[in-house]
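**Q** Contents of protein.csv (CSV, C-alpha atoms) are given next:
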```csv
chain,number,residue,atom,x,y,z
O,1,MET,CA,8.8,-18.5,-58.5
O,2,ALA,CA,6.3,-15.9,-59.7
O,3,SER,CA,6.7,-12.5,-58.3
O,4,GLY,CA,3.9,-11.6,-55.8
O,5,ALA,CA,2.4,-15.1,-55.7
O,6,PRO,CA,0.5,-15.4,-52.4
O,7,LEU,CA,1.8,-17.8,-49.9
O,8,ILE,CA,-0.8,-19.9,-48.1
O,9,LEU,CA,-0.4,-22.0,-45.0
O,10,GLY,CA,-2.8,-25.0,-45.2
O,11,ILE,CA,-4.0,-27.3,-42.3
O,12,GLU,CA,-5.9,-30.5,-42.7
O,13,SER,CA,-7.2,-32.6,-39.8
O,14,SER,CA,-10.6,-33.9,-40.9
O,15,CYS,CA,-9.9,-37.6,-40.3
O,16,ASP,CA,-6.9,-39.7,-39.3
O,17,GLU,CA,-4.0,-37.7,-40.9
O,18,THR,CA,-2.5,-34.5,-39.6
O,19,ALA,CA,-1.2,-32.4,-42.5
O,20,VAL,CA,0.4,-29.0,-42.9
O,21,ALA,CA,1.6,-27.4,-46.2
O,22,LEU,CA,2.9,-24.1,-47.6
O,23,VAL,CA,1.7,-23.5,-51.2
O,24,ARG,CA,2.2,-20.5,-53.4
O,25,GLY,CA,-0.2,-19.1,-55.9
O,26,ASP,CA,2.2,-20.1,-58.7
O,27,ARG,CA,1.5,-23.7,-57.8
O,28,SER,CA,4.8,-24.3,-56.1
O,29,ILE,CA,4.7,-26.4,-52.9
O,30,VAL,CA,7.2,-24.7,-50.6
O,31,ALA,CA,7.1,-27.3,-47.8
O,32,GLN,CA,4.7,-29.9,-46.5
O,33,ALA,CA,4.3,-32.7,-43.9
O,34,VAL,CA,1.8,-35.5,-43.2
O,35,ALA,CA,1.6,-37.5,-40.0
O,36,SER,CA,-0.3,-40.8,-40.4
O,37,GLN,CA,-2.3,-42.2,-37.5
O,38,ASP,CA,-2.5,-45.8,-38.9
O,39,ALA,CA,-0.7,-47.2,-35.9
O,40,HIS,CA,-3.2,-45.6,-33.5
O,41,HIS,CA,-6.3,-47.1,-35.3
O,42,ARG,CA,-5.0,-50.4,-36.6
O,43,PRO,CA,-5.8,-52.4,-33.5
O,44,PHE,CA,-9.5,-51.3,-33.8
O,45,GLY,CA,-9.8,-52.0,-37.5
O,46,GLY,CA,-11.0,-48.5,-38.2
O,47,VAL,CA,-10.7,-44.9,-37.2
O,48,VAL,CA,-11.6,-44.1,-33.6
O,49,PRO,CA,-12.7,-40.4,-33.5
O,50,GLU,CA,-11.5,-39.6,-30.0
O,51,LEU,CA,-8.0,-41.1,-30.7
O,52,ALA,CA,-7.8,-39.2,-33.9
O,53,ALA,CA,-8.6,-35.8,-32.3
O,54,ARG,CA,-6.1,-36.4,-29.5
O,55,ALA,CA,-3.4,-37.3,-32.1
O,56,HIS,CA,-4.1,-34.1,-34.0
O,57,VAL,CA,-3.7,-32.0,-30.8
O,58,GLU,CA,-0.3,-33.6,-30.2
O,59,ALA,CA,1.0,-33.4,-33.7
O,60,LEU,CA,-0.3,-30.1,-35.2
O,61,ALA,CA,1.7,-27.4,-33.5
O,62,PRO,CA,5.1,-29.0,-34.0
O,63,MET,CA,4.2,-29.8,-37.6
O,64,ILE,CA,3.4,-26.1,-38.3
O,65,GLU,CA,6.7,-25.0,-36.8
O,66,ARG,CA,8.6,-27.6,-38.9
O,67,VAL,CA,6.8,-26.7,-42.2
O,68,LEU,CA,7.5,-23.0,-41.6
O,69,ARG,CA,11.1,-23.8,-40.8
O,70,ASP,CA,11.5,-26.1,-43.8
O,71,GLY,CA,9.9,-23.4,-46.0
O,72,GLY,CA,12.3,-20.8,-44.7
O,73,VAL,CA,9.6,-18.4,-43.7
O,74,GLY,CA,7.9,-17.0,-40.6
O,75,LEU,CA,4.2,-16.7,-40.0
O,76,ALA,CA,4.5,-13.0,-40.8
O,77,GLN,CA,5.4,-13.9,-44.4
O,78,VAL,CA,2.3,-16.0,-44.9
O,79,ASP,CA,-0.5,-14.2,-46.7
O,80,ALA,CA,-3.4,-16.3,-45.3
O,81,VAL,CA,-4.1,-19.5,-43.4
O,82,ALA,CA,-6.5,-22.1,-44.9
O,83,ALA,CA,-7.9,-24.9,-42.8
O,84,THR,CA,-10.4,-27.7,-43.3
O,85,ALA,CA,-13.6,-26.5,-41.6
O,86,GLY,CA,-15.6,-29.7,-42.6
O,87,PRO,CA,-16.9,-32.2,-43.4
O,88,GLY,CA,-15.2,-34.8,-41.3
O,89,LEU,CA,-14.8,-36.1,-37.7
O,90,ILE,CA,-15.8,-33.0,-35.8
O,91,GLY,CA,-13.2,-33.4,-33.1
O,92,GLY,CA,-10.4,-33.4,-35.6
O,93,VAL,CA,-11.9,-30.6,-37.7
O,94,MET,CA,-12.2,-28.4,-34.6
O,95,VAL,CA,-8.5,-29.0,-33.7
O,96,GLY,CA,-7.3,-27.7,-37.1
O,97,LEU,CA,-9.8,-24.9,-37.5
O,98,VAL,CA,-9.2,-23.5,-34.0
O,99,THR,CA,-5.5,-23.7,-34.5
O,100,ALA,CA,-5.8,-21.7,-37.8
O,101,LYS,CA,-8.0,-19.1,-36.1
O,102,ALA,CA,-5.5,-18.6,-33.3
O,103,LEU,CA,-2.7,-18.1,-35.9
O,104,CYS,CA,-4.8,-15.7,-37.9
O,105,LEU,CA,-5.7,-13.7,-34.7
O,106,ALA,CA,-2.1,-13.6,-33.5
O,107,ALA,CA,-0.6,-12.6,-36.8
O,108,ARG,CA,-3.5,-10.7,-38.2
O,109,LYS,CA,-3.9,-12.9,-41.3
O,110,PRO,CA,-7.0,-13.7,-43.3
O,111,LEU,CA,-8.7,-17.0,-42.5
O,112,LEU,CA,-9.9,-19.3,-45.3
O,113,ALA,CA,-12.3,-22.0,-44.0
O,114,VAL,CA,-12.1,-24.7,-46.6
O,115,ASN,CA,-14.6,-27.4,-47.4
O,116,HIS,CA,-12.5,-30.6,-47.4
O,117,LEU,CA,-14.4,-31.8,-50.5
O,118,GLU,CA,-13.6,-28.6,-52.3
O,119,GLY,CA,-9.9,-29.3,-51.5
O,120,HIS,CA,-10.2,-32.6,-53.4
O,121,ALA,CA,-12.3,-31.0,-56.2
O,122,LEU,CA,-9.7,-28.3,-56.9
O,123,SER,CA,-6.6,-30.3,-56.3
O,124,PRO,CA,-6.2,-31.3,-59.9
O,125,ARG,CA,-5.7,-27.6,-60.8
O,126,LEU,CA,-2.7,-27.5,-58.5
O,127,ILE,CA,-0.8,-29.9,-60.8
O,128,ASP,CA,-2.4,-29.0,-64.1
O,129,PRO,CA,-2.5,-25.3,-64.9
O,130,ASP,CA,-4.3,-26.0,-68.1
O,131,LEU,CA,-7.4,-27.6,-66.4
O,132,ARG,CA,-10.3,-25.3,-67.1
O,133,PHE,CA,-13.8,-25.1,-65.7
O,134,PRO,CA,-16.2,-26.7,-66.1
O,135,TYR,CA,-15.1,-30.3,-65.6
O,136,LEU,CA,-16.7,-33.5,-64.5
O,137,LEU,CA,-15.3,-34.7,-61.1
O,138,LEU,CA,-15.6,-38.2,-59.7
O,139,LEU,CA,-15.0,-37.7,-56.0
O,140,VAL,CA,-14.2,-41.1,-54.4
O,141,SER,CA,-13.1,-41.6,-50.8
O,142,GLY,CA,-13.8,-43.5,-47.6
O,143,GLY,CA,-16.8,-41.2,-46.9
O,144,HIS,CA,-17.9,-40.0,-50.3
O,145,CYS,CA,-18.8,-41.2,-53.7
O,146,GLN,CA,-20.1,-38.4,-55.9
O,147,LEU,CA,-20.1,-37.1,-59.5
O,148,LEU,CA,-20.0,-33.3,-59.6
O,149,ALA,CA,-20.0,-30.7,-62.3
O,150,VAL,CA,-17.3,-28.3,-61.2
O,151,ASP,CA,-18.4,-25.0,-62.7
O,152,GLY,CA,-15.9,-22.9,-60.8
O,153,VAL,CA,-14.5,-22.2,-57.3
O,154,GLY,CA,-17.5,-22.6,-54.9
O,155,SER,CA,-19.8,-23.6,-57.7
O,156,TYR,CA,-20.7,-27.3,-57.9
O,157,ARG,CA,-23.6,-29.3,-59.2
O,158,ARG,CA,-24.1,-32.8,-57.8
O,159,LEU,CA,-25.0,-35.2,-60.6
O,160,ALA,CA,-24.9,-38.4,-58.5
O,161,THR,CA,-24.1,-39.7,-55.1
O,162,THR,CA,-24.2,-43.0,-53.2
O,163,ILE,CA,-27.5,-44.2,-51.9
O,164,ASP,CA,-25.7,-46.3,-49.2
O,165,ASP,CA,-22.0,-47.0,-48.8
O,166,ALA,CA,-19.2,-44.9,-50.3
O,167,VAL,CA,-16.8,-46.8,-52.5
O,168,GLY,CA,-13.9,-46.3,-50.1
O,169,GLU,CA,-16.1,-47.6,-47.3
O,170,ALA,CA,-16.9,-50.7,-49.4
O,171,PHE,CA,-13.1,-51.3,-49.9
O,172,ASP,CA,-12.5,-50.9,-46.1
O,173,LYS,CA,-15.3,-53.3,-45.2
O,174,THR,CA,-14.2,-55.8,-47.8
O,175,ALA,CA,-10.7,-55.7,-46.4
O,176,LYS,CA,-12.1,-56.4,-42.9
O,177,ILE,CA,-14.2,-59.3,-44.2
O,178,LEU,CA,-11.2,-60.8,-45.8
O,179,GLY,CA,-8.9,-60.2,-42.9
O,180,LEU,CA,-6.6,-58.0,-44.9
O,181,GLY,CA,-5.9,-55.3,-42.3
O,182,PHE,CA,-6.1,-51.5,-42.1
O,183,PRO,CA,-6.2,-49.3,-44.1
O,184,GLY,CA,-8.4,-51.4,-46.3
O,185,GLY,CA,-8.2,-49.8,-49.7
O,186,PRO,CA,-4.5,-50.4,-50.3
O,187,ALA,CA,-4.8,-53.8,-48.7
O,188,VAL,CA,-7.5,-54.9,-51.1
O,189,GLU,CA,-5.6,-53.5,-54.1
O,190,ALA,CA,-2.4,-55.4,-53.0
O,191,ALA,CA,-4.3,-58.7,-52.5
O,192,ALA,CA,-6.1,-58.3,-55.8
O,193,ARG,CA,-2.8,-58.3,-57.7
O,194,ASP,CA,-2.5,-62.1,-57.1
O,195,GLY,CA,-6.1,-62.9,-57.8
O,196,ASN,CA,-8.4,-63.7,-60.7
O,197,ALA,CA,-11.0,-60.9,-61.2
O,198,ARG,CA,-13.4,-63.3,-62.8
O,199,ALA,CA,-13.2,-66.0,-60.2
O,200,VAL,CA,-16.1,-64.9,-58.0
O,201,PRO,CA,-19.5,-63.9,-59.5
O,202,LEU,CA,-20.4,-60.6,-57.9
O,203,PRO,CA,-23.2,-58.1,-58.6
O,204,ARG,CA,-22.7,-54.7,-60.2
O,205,PRO,CA,-25.4,-52.7,-58.5
O,206,LEU,CA,-27.4,-50.2,-60.6
O,207,THR,CA,-25.2,-50.6,-63.7
O,208,GLY,CA,-27.1,-50.4,-66.9
O,209,THR,CA,-30.1,-48.6,-65.2
O,210,ASP,CA,-31.5,-45.1,-65.6
O,211,GLU,CA,-30.7,-44.5,-61.9
O,212,PRO,CA,-27.9,-42.0,-61.8
O,213,HIS,CA,-26.6,-42.8,-58.4
O,214,PHE,CA,-24.1,-45.4,-56.9
O,215,SER,CA,-24.8,-48.3,-54.6
O,216,PHE,CA,-22.1,-50.5,-53.0
O,217,ALA,CA,-23.8,-52.1,-49.9
O,218,GLY,CA,-25.1,-55.1,-52.0
O,219,LEU,CA,-21.7,-55.7,-53.4
O,220,LYS,CA,-20.1,-55.7,-50.0
O,221,SER,CA,-22.7,-58.1,-48.7
O,222,ALA,CA,-22.1,-60.4,-51.7
O,223,VAL,CA,-18.4,-60.5,-50.8
O,224,LEU,CA,-19.4,-61.5,-47.2
O,225,ARG,CA,-21.6,-64.3,-48.4
O,226,ALA,CA,-19.0,-65.6,-50.9
O,227,HIS,CA,-16.3,-65.5,-48.3
O,228,ALA,CA,-18.5,-67.5,-45.9
O,229,THR,CA,-18.8,-70.4,-48.3
O,230,GLY,CA,-15.0,-71.0,-48.1
O,231,ALA,CA,-15.0,-71.8,-51.8
O,232,TYR,CA,-12.9,-68.9,-52.9
O,233,ALA,CA,-9.3,-67.8,-52.2
O,234,VAL,CA,-8.9,-64.4,-50.6
O,235,PRO,CA,-6.9,-62.9,-53.6
O,236,ASP,CA,-9.7,-64.0,-56.0
O,237,LEU,CA,-12.3,-62.4,-53.7
O,238,ALA,CA,-10.3,-59.1,-53.5
O,239,ALA,CA,-9.7,-59.0,-57.3
O,240,SER,CA,-13.4,-59.8,-58.1
O,241,PHE,CA,-14.6,-57.2,-55.7
O,242,GLN,CA,-12.3,-54.6,-57.1
O,243,ALA,CA,-13.3,-55.3,-60.6
O,244,ALA,CA,-17.0,-55.1,-59.7
O,245,ALA,CA,-16.5,-51.8,-57.9
O,246,VAL,CA,-14.6,-50.4,-60.9
O,247,ASP,CA,-17.3,-51.5,-63.3
O,248,CYS,CA,-19.8,-49.6,-61.2
O,249,LEU,CA,-17.7,-46.4,-61.1
O,250,VAL,CA,-17.1,-46.5,-64.9
O,251,ASP,CA,-20.8,-47.2,-65.7
O,252,ARG,CA,-22.1,-44.3,-63.6
O,253,THR,CA,-19.4,-41.9,-64.8
O,254,ARG,CA,-20.2,-42.8,-68.4
O,255,ARG,CA,-23.8,-41.7,-67.8
O,256,ALA,CA,-22.6,-38.4,-66.2
O,257,LEU,CA,-20.3,-37.7,-69.1
O,258,ALA,CA,-23.3,-38.0,-71.4
O,259,ARG,CA,-25.2,-35.5,-69.3
O,260,MET,CA,-22.3,-33.0,-69.3
O,261,PRO,CA,-21.1,-32.5,-72.9
O,262,GLU,CA,-19.6,-29.1,-71.9
O,263,ALA,CA,-17.0,-30.8,-69.7
O,264,THR,CA,-13.5,-29.9,-70.5
O,265,ALA,CA,-12.1,-33.0,-68.8
O,266,LEU,CA,-12.9,-36.0,-66.7
O,267,VAL,CA,-11.2,-35.6,-63.3
O,268,VAL,CA,-10.9,-38.1,-60.4
O,269,ALA,CA,-9.9,-37.2,-56.9
O,270,GLY,CA,-10.1,-38.5,-53.4
O,271,GLY,CA,-8.4,-41.4,-51.6
O,272,VAL,CA,-9.8,-44.1,-53.9
O,273,ALA,CA,-8.4,-42.2,-56.9
O,274,SER,CA,-4.9,-43.5,-55.8
O,275,ASN,CA,-6.0,-47.0,-56.8
O,276,THR,CA,-4.2,-47.9,-60.1
O,277,ILE,CA,-7.0,-50.0,-61.5
O,278,VAL,CA,-9.6,-47.3,-60.9
O,279,ARG,CA,-7.3,-44.7,-62.6
O,280,ALA,CA,-6.6,-46.9,-65.6
O,281,ALA,CA,-10.3,-47.7,-66.1
O,282,LEU,CA,-11.3,-44.0,-65.9
O,283,ALA,CA,-8.5,-43.0,-68.2
O,284,ASP,CA,-9.8,-45.6,-70.8
O,285,LEU,CA,-13.3,-44.2,-70.4
O,286,ALA,CA,-12.1,-40.7,-71.0
O,287,ALA,CA,-10.1,-41.8,-74.1
O,288,ARG,CA,-13.2,-43.5,-75.5
O,289,HIS,CA,-15.1,-40.3,-75.1
O,290,ASP,CA,-12.3,-38.2,-76.6
O,291,THR,CA,-12.1,-36.3,-73.3
O,292,LYS,CA,-9.1,-35.1,-71.3
O,293,PHE,CA,-8.4,-37.2,-68.2
O,294,VAL,CA,-6.8,-35.7,-65.1
O,295,ALA,CA,-5.8,-37.5,-61.9
O,296,PRO,CA,-3.6,-36.0,-59.2
O,297,PRO,CA,-0.6,-38.0,-58.1
O,298,PRO,CA,-1.5,-40.5,-55.4
O,299,TRP,CA,-0.1,-38.5,-52.6
O,300,LEU,CA,-2.4,-35.6,-53.5
O,301,CYS,CA,-5.4,-38.0,-53.6
O,302,THR,CA,-5.2,-39.0,-50.0
O,303,ASP,CA,-5.9,-36.4,-47.2
O,304,ASN,CA,-3.2,-33.7,-47.4
O,305,ALA,CA,-2.8,-30.0,-46.6
O,306,ALA,CA,-1.4,-29.0,-50.1
O,307,MET,CA,-4.9,-29.4,-51.5
O,308,ILE,CA,-6.4,-27.3,-48.7
O,309,ALA,CA,-3.7,-24.6,-49.2
O,310,TRP,CA,-4.4,-24.6,-52.9
O,311,ALA,CA,-8.1,-24.3,-52.4
O,312,GLY,CA,-7.2,-21.3,-50.2
O,313,VAL,CA,-5.2,-19.8,-53.0
O,314,GLU,CA,-8.2,-20.1,-55.3
O,315,ARG,CA,-10.6,-18.7,-52.8
O,316,LEU,CA,-8.3,-15.8,-51.7
O,317,ALA,CA,-8.0,-14.8,-55.4
O,318,LEU,CA,-11.8,-14.3,-55.4
O,319,GLY,CA,-11.8,-12.5,-52.1
O,320,LEU,CA,-13.7,-15.4,-50.4
O,321,ILE,CA,-12.3,-14.7,-46.9
O,322,ASP,CA,-14.0,-16.1,-43.7
O,323,GLY,CA,-14.5,-14.5,-40.3
O,324,LEU,CA,-13.1,-16.0,-37.1
O,325,ASP,CA,-16.6,-17.2,-36.3
O,326,ALA,CA,-16.5,-19.7,-39.2
O,327,PRO,CA,-18.0,-22.9,-37.8
O,328,ALA,CA,-16.6,-26.4,-37.8
O,329,ARG,CA,-19.0,-28.7,-39.7
O,330,PRO,CA,-19.3,-32.5,-39.5
O,331,ARG,CA,-21.4,-32.3,-42.7
O,332,TRP,CA,-21.0,-29.8,-45.5
O,333,PRO,CA,-22.3,-30.7,-49.0
O,334,LEU,CA,-20.6,-29.1,-52.0
O,335,ASP,CA,-24.1,-28.7,-53.6
O,336,PRO,CA,-26.5,-27.9,-50.8
O,337,SER,CA,-29.3,-27.4,-53.3
O,338,ALA,CA,-29.1,-31.0,-54.7
O,339,GLU,CA,-32.2,-33.0,-54.3
O,340,ALA,CA,-31.9,-35.7,-51.7
O,341,ALA,CA,-31.1,-39.0,-53.3
O,342,ARG,CA,-33.2,-42.0,-52.5
O,343,GLY,CA,-31.7,-43.7,-49.3
O,344,ALA,CA,-28.7,-41.4,-49.4
O,345,GLY,CA,-29.1,-39.9,-45.8
O,346,VAL,CA,-25.9,-38.4,-44.6
O,347,LYS,CA,-23.9,-39.7,-47.6
O,348,ALA,CA,-25.6,-37.1,-49.9
```
Do you think you could lay out the structure here as structure tokens?

**A**
Amino acid sequence: MASGAPLILGIESSCDETAVALVRGDRSIVAQAVASQDAHHRPFGGVVPELAARAHVEALAPMIERVLRDGGVGLAQVDAVAATAGPGLIGGVMVGLVTAKALCLAARKPLLAVNHLEGHALSPRLIDPDLRFPYLLLLVSGGHCQLLAVDGVGSYRRLATTIDDAVGEAFDKTAKILGLGFPGGPAVEAAARDGNARAVPLPRPLTGTDEPHFSFAGLKSAVLRAHATGAYAVPDLAASFQAAAVDCLVDRTRRALARMPEATALVVAGGVASNTIVRAALADLAARHDTKFVAPPPWLCTDNAAMIAWAGVERLALGLIDGLDAPARPRWPLDPSAEAARGAGVKA
């Protein structure tokens, strides 16, 4: 353990997982815990915001106590508290952020109001001390699909976004179409293992075009139409969809790599980055471009508090401390100056 390394308490509550972690500036994870809400939302086939916020309220305080106890420290020994301040389901974001503010006020600690997307963007640096700025980030999750130039902490240039569905959203909706259950991403990947990825002719929207952005709505609709014919087995549909989605990700990322020759690495983060087929295809793309490839371990790709705490470490080192009036934000782009993408709307 490095002498004097700051200790950050991280809180994540932006969607349907309550998470708390203690992370030191030397990259050691002292303690962490994640409480999944899958059982709450499974009967509805998706996340119900009101149920999610209530579950965060019930779980958060006991989790903070447990993580501090597991870490063998008291709140007085924590150097700062980092909490997700957005984007996300506003009820859940408010629960975590208000809790962090209360802890900071009571213990007189600095508050670090973290952008959830920045947590994902910086998470690879938690596990790879040699990862240097700038790098190209493919951020893929249930709500986001973006290519970003990560120039430094708090400095991001959006190179591409989705003009309709995020890729994780497409996985979830495909799972629902095929009756595979919730959460959809892992269910599709599991079903695809028994399928033929070439069995179902599906489109690869925008691939091979000069358009830099992503599109997955047409692919999802094509799965719906193919399934309605009754001509294809569910595993074949899952495998064919997954292959098409991966082809789209690789094609768009290849274009972005060409636009960013200064990139030190190709990095993938976000919940969809835990998909083994996605990771393998991107690793192959990086190898073909003689570029370093970095992917956090799967547990660090899904929503967790270790990445929020680490983003807090990085921000604290630069003196980027927030006031107790920091707002909770349902939307919070990493690159607010990016030109609105055609049809992107709130997904930009």

**Q** Need the shell around region 214-224 of chain O: protein/DNA/RNA residues with any atom at most 10 Å away, counting all atoms listed in the file. Skip same-chain ones fewer than 2 positions apart. Format as an mmCIF file with C-alpha atoms, keeping the file's coordinate frame?

**A**
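Result file part.cif:
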```cif
data_model
loop_
_atom_site.group_PDB
_atom_site.id
_atom_site.type_symbol
_atom_site.label_atom_id
_atom_site.label_comp_id
_atom_site.auth_asym_id
_atom_site.auth_seq_id
_atom_site.Cartn_x
_atom_site.Cartn_y
_atom_site.Cartn_z
ATOM 1 C CA CYS O 145 -18.800 -41.200 -53.700
ATOM 2 C CA GLN O 146 -20.100 -38.400 -55.900
ATOM 3 C CA LEU O 147 -20.100 -37.100 -59.500
ATOM 4 C CA ALA O 160 -24.900 -38.400 -58.500
ATOM 5 C CA THR O 161 -24.100 -39.700 -55.100
ATOM 6 C CA THR O 162 -24.200 -43.000 -53.200
ATOM 7 C CA ILE O 163 -27.500 -44.200 -51.900
ATOM 8 C CA ASP O 164 -25.700 -46.300 -49.200
ATOM 9 C CA ASP O 165 -22.000 -47.000 -48.800
ATOM 10 C CA ALA O 166 -19.200 -44.900 -50.300
ATOM 11 C CA VAL O 167 -16.800 -46.800 -52.500
ATOM 12 C CA GLY O 168 -13.900 -46.300 -50.100
ATOM 13 C CA GLU O 169 -16.100 -47.600 -47.300
ATOM 14 C CA ALA O 170 -16.900 -50.700 -49.400
ATOM 15 C CA PHE O 171 -13.100 -51.300 -49.900
ATOM 16 C CA ASP O 172 -12.500 -50.900 -46.100
ATOM 17 C CA LYS O 173 -15.300 -53.300 -45.200
ATOM 18 C CA THR O 174 -14.200 -55.800 -47.800
ATOM 19 C CA LYS O 176 -12.100 -56.400 -42.900
ATOM 20 C CA ILE O 177 -14.200 -59.300 -44.200
ATOM 21 C CA LEU O 178 -11.200 -60.800 -45.800
ATOM 22 C CA VAL O 200 -16.100 -64.900 -58.000
ATOM 23 C CA PRO O 201 -19.500 -63.900 -59.500
ATOM 24 C CA LEU O 202 -20.400 -60.600 -57.900
ATOM 25 C CA PRO O 203 -23.200 -58.100 -58.600
ATOM 26 C CA ARG O 204 -22.700 -54.700 -60.200
ATOM 27 C CA PRO O 205 -25.400 -52.700 -58.500
ATOM 28 C CA LEU O 206 -27.400 -50.200 -60.600
ATOM 29 C CA THR O 207 -25.200 -50.600 -63.700
ATOM 30 C CA GLU O 211 -30.700 -44.500 -61.900
ATOM 31 C CA PRO O 212 -27.900 -42.000 -61.800
ATOM 32 C CA ALA O 226 -19.000 -65.600 -50.900
ATOM 33 C CA HIS O 227 -16.300 -65.500 -48.300
ATOM 34 C CA ALA O 228 -18.500 -67.500 -45.900
ATOM 35 C CA THR O 229 -18.800 -70.400 -48.300
ATOM 36 C CA LEU O 237 -12.300 -62.400 -53.700
ATOM 37 C CA ALA O 238 -10.300 -59.100 -53.500
ATOM 38 C CA SER O 240 -13.400 -59.800 -58.100
ATOM 39 C CA PHE O 241 -14.600 -57.200 -55.700
ATOM 40 C CA ALA O 244 -17.000 -55.100 -59.700
ATOM 41 C CA ALA O 245 -16.500 -51.800 -57.900
ATOM 42 C CA CYS O 248 -19.800 -49.600 -61.200
ATOM 43 C CA LEU O 249 -17.700 -46.400 -61.100
ATOM 44 C CA ASP O 251 -20.800 -47.200 -65.700
ATOM 45 C CA ARG O 252 -22.100 -44.300 -63.600
ATOM 46 C CA THR O 253 -19.400 -41.900 -64.800
ATOM 47 C CA GLY O 343 -31.700 -43.700 -49.300
ATOM 48 C CA ALA O 344 -28.700 -41.400 -49.400
#
```

**Q** Name the closest residue to Ser123 (chain O) among the candidates O:Gly4, O:Pro296, O:Gly88, O:Gly152; distances are taken between atoms, counting all atoms listed in the file.

**A**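 That would be O:Pro296, the residue with the smallest distance to Ser123 (chain O).
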
**Q** Could you tell me how far CA of Ala19 (chain O) lies from CA of Arg329 (chain O), in Å and to one decimal?

**A**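 Going from CA of Ala19 (chain O) over to CA of Arg329 (chain O), I get 18.4 Å.
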
**Q** Measure the distance from CA of Asp16 (chain O) to CA of Ala82 (chain O) in Å and round it to one decimal.

**A** 18.5 Å

**Q** Using all atoms listed in the file, which residue out of O:Arg132, O:Arg24, O:Arg54, O:Arg331 lies closest to Ile308 (chain O)?

**A**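 Counting all atoms listed in the file, the residue closest to Ile308 (chain O) is O:Arg24.
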
**Q** Suppose you want the space between CA of Ala258 (chain O) and CA of Tyr135 (chain O); what is it in Å?

**A** 12.7 Å

**Q** Counting all atoms listed in the file, what is within 12 Å of Ala83 (chain O), bar same-chain residues fewer than 6 positions away, as a count of residues only?

**A** 51

**Q** Using all atoms listed in the file for the distances, tell me which of O:Leu51, O:Leu300, O:Leu68, O:Leu136 is nearest to Tyr156 (chain O).

**A**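 Using all atoms listed in the file, Tyr156 (chain O) sits closest to O:Leu136.
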
**Q** Measuring atom to atom with only C-alpha atoms, identify which of O:Gly143, O:Gly184, O:Gly179, O:Gly323 is nearest to Gly270 (chain O).

**A**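 Of O:Gly143, O:Gly184, O:Gly179, O:Gly323, the one nearest Gly270 (chain O) is O:Gly143, counting only C-alpha atoms.
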
**Q** Choose the residue, out of O:Asp26, O:Asp236, O:Asp70, O:Asp130, that has the smallest atom-to-atom separation from Ala317 (chain O); count only C-alpha atoms.

**A**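 Of the candidates, the smallest distance to Ala317 (chain O) is held by O:Asp26.
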
**Q** Hey, what's within 6 Å of Asp151 (chain O) if we count only C-alpha atoms and toss same-chain stuff fewer than 3 positions away? As number ranges by chain, please?

**A** O: 133-134, 155-156
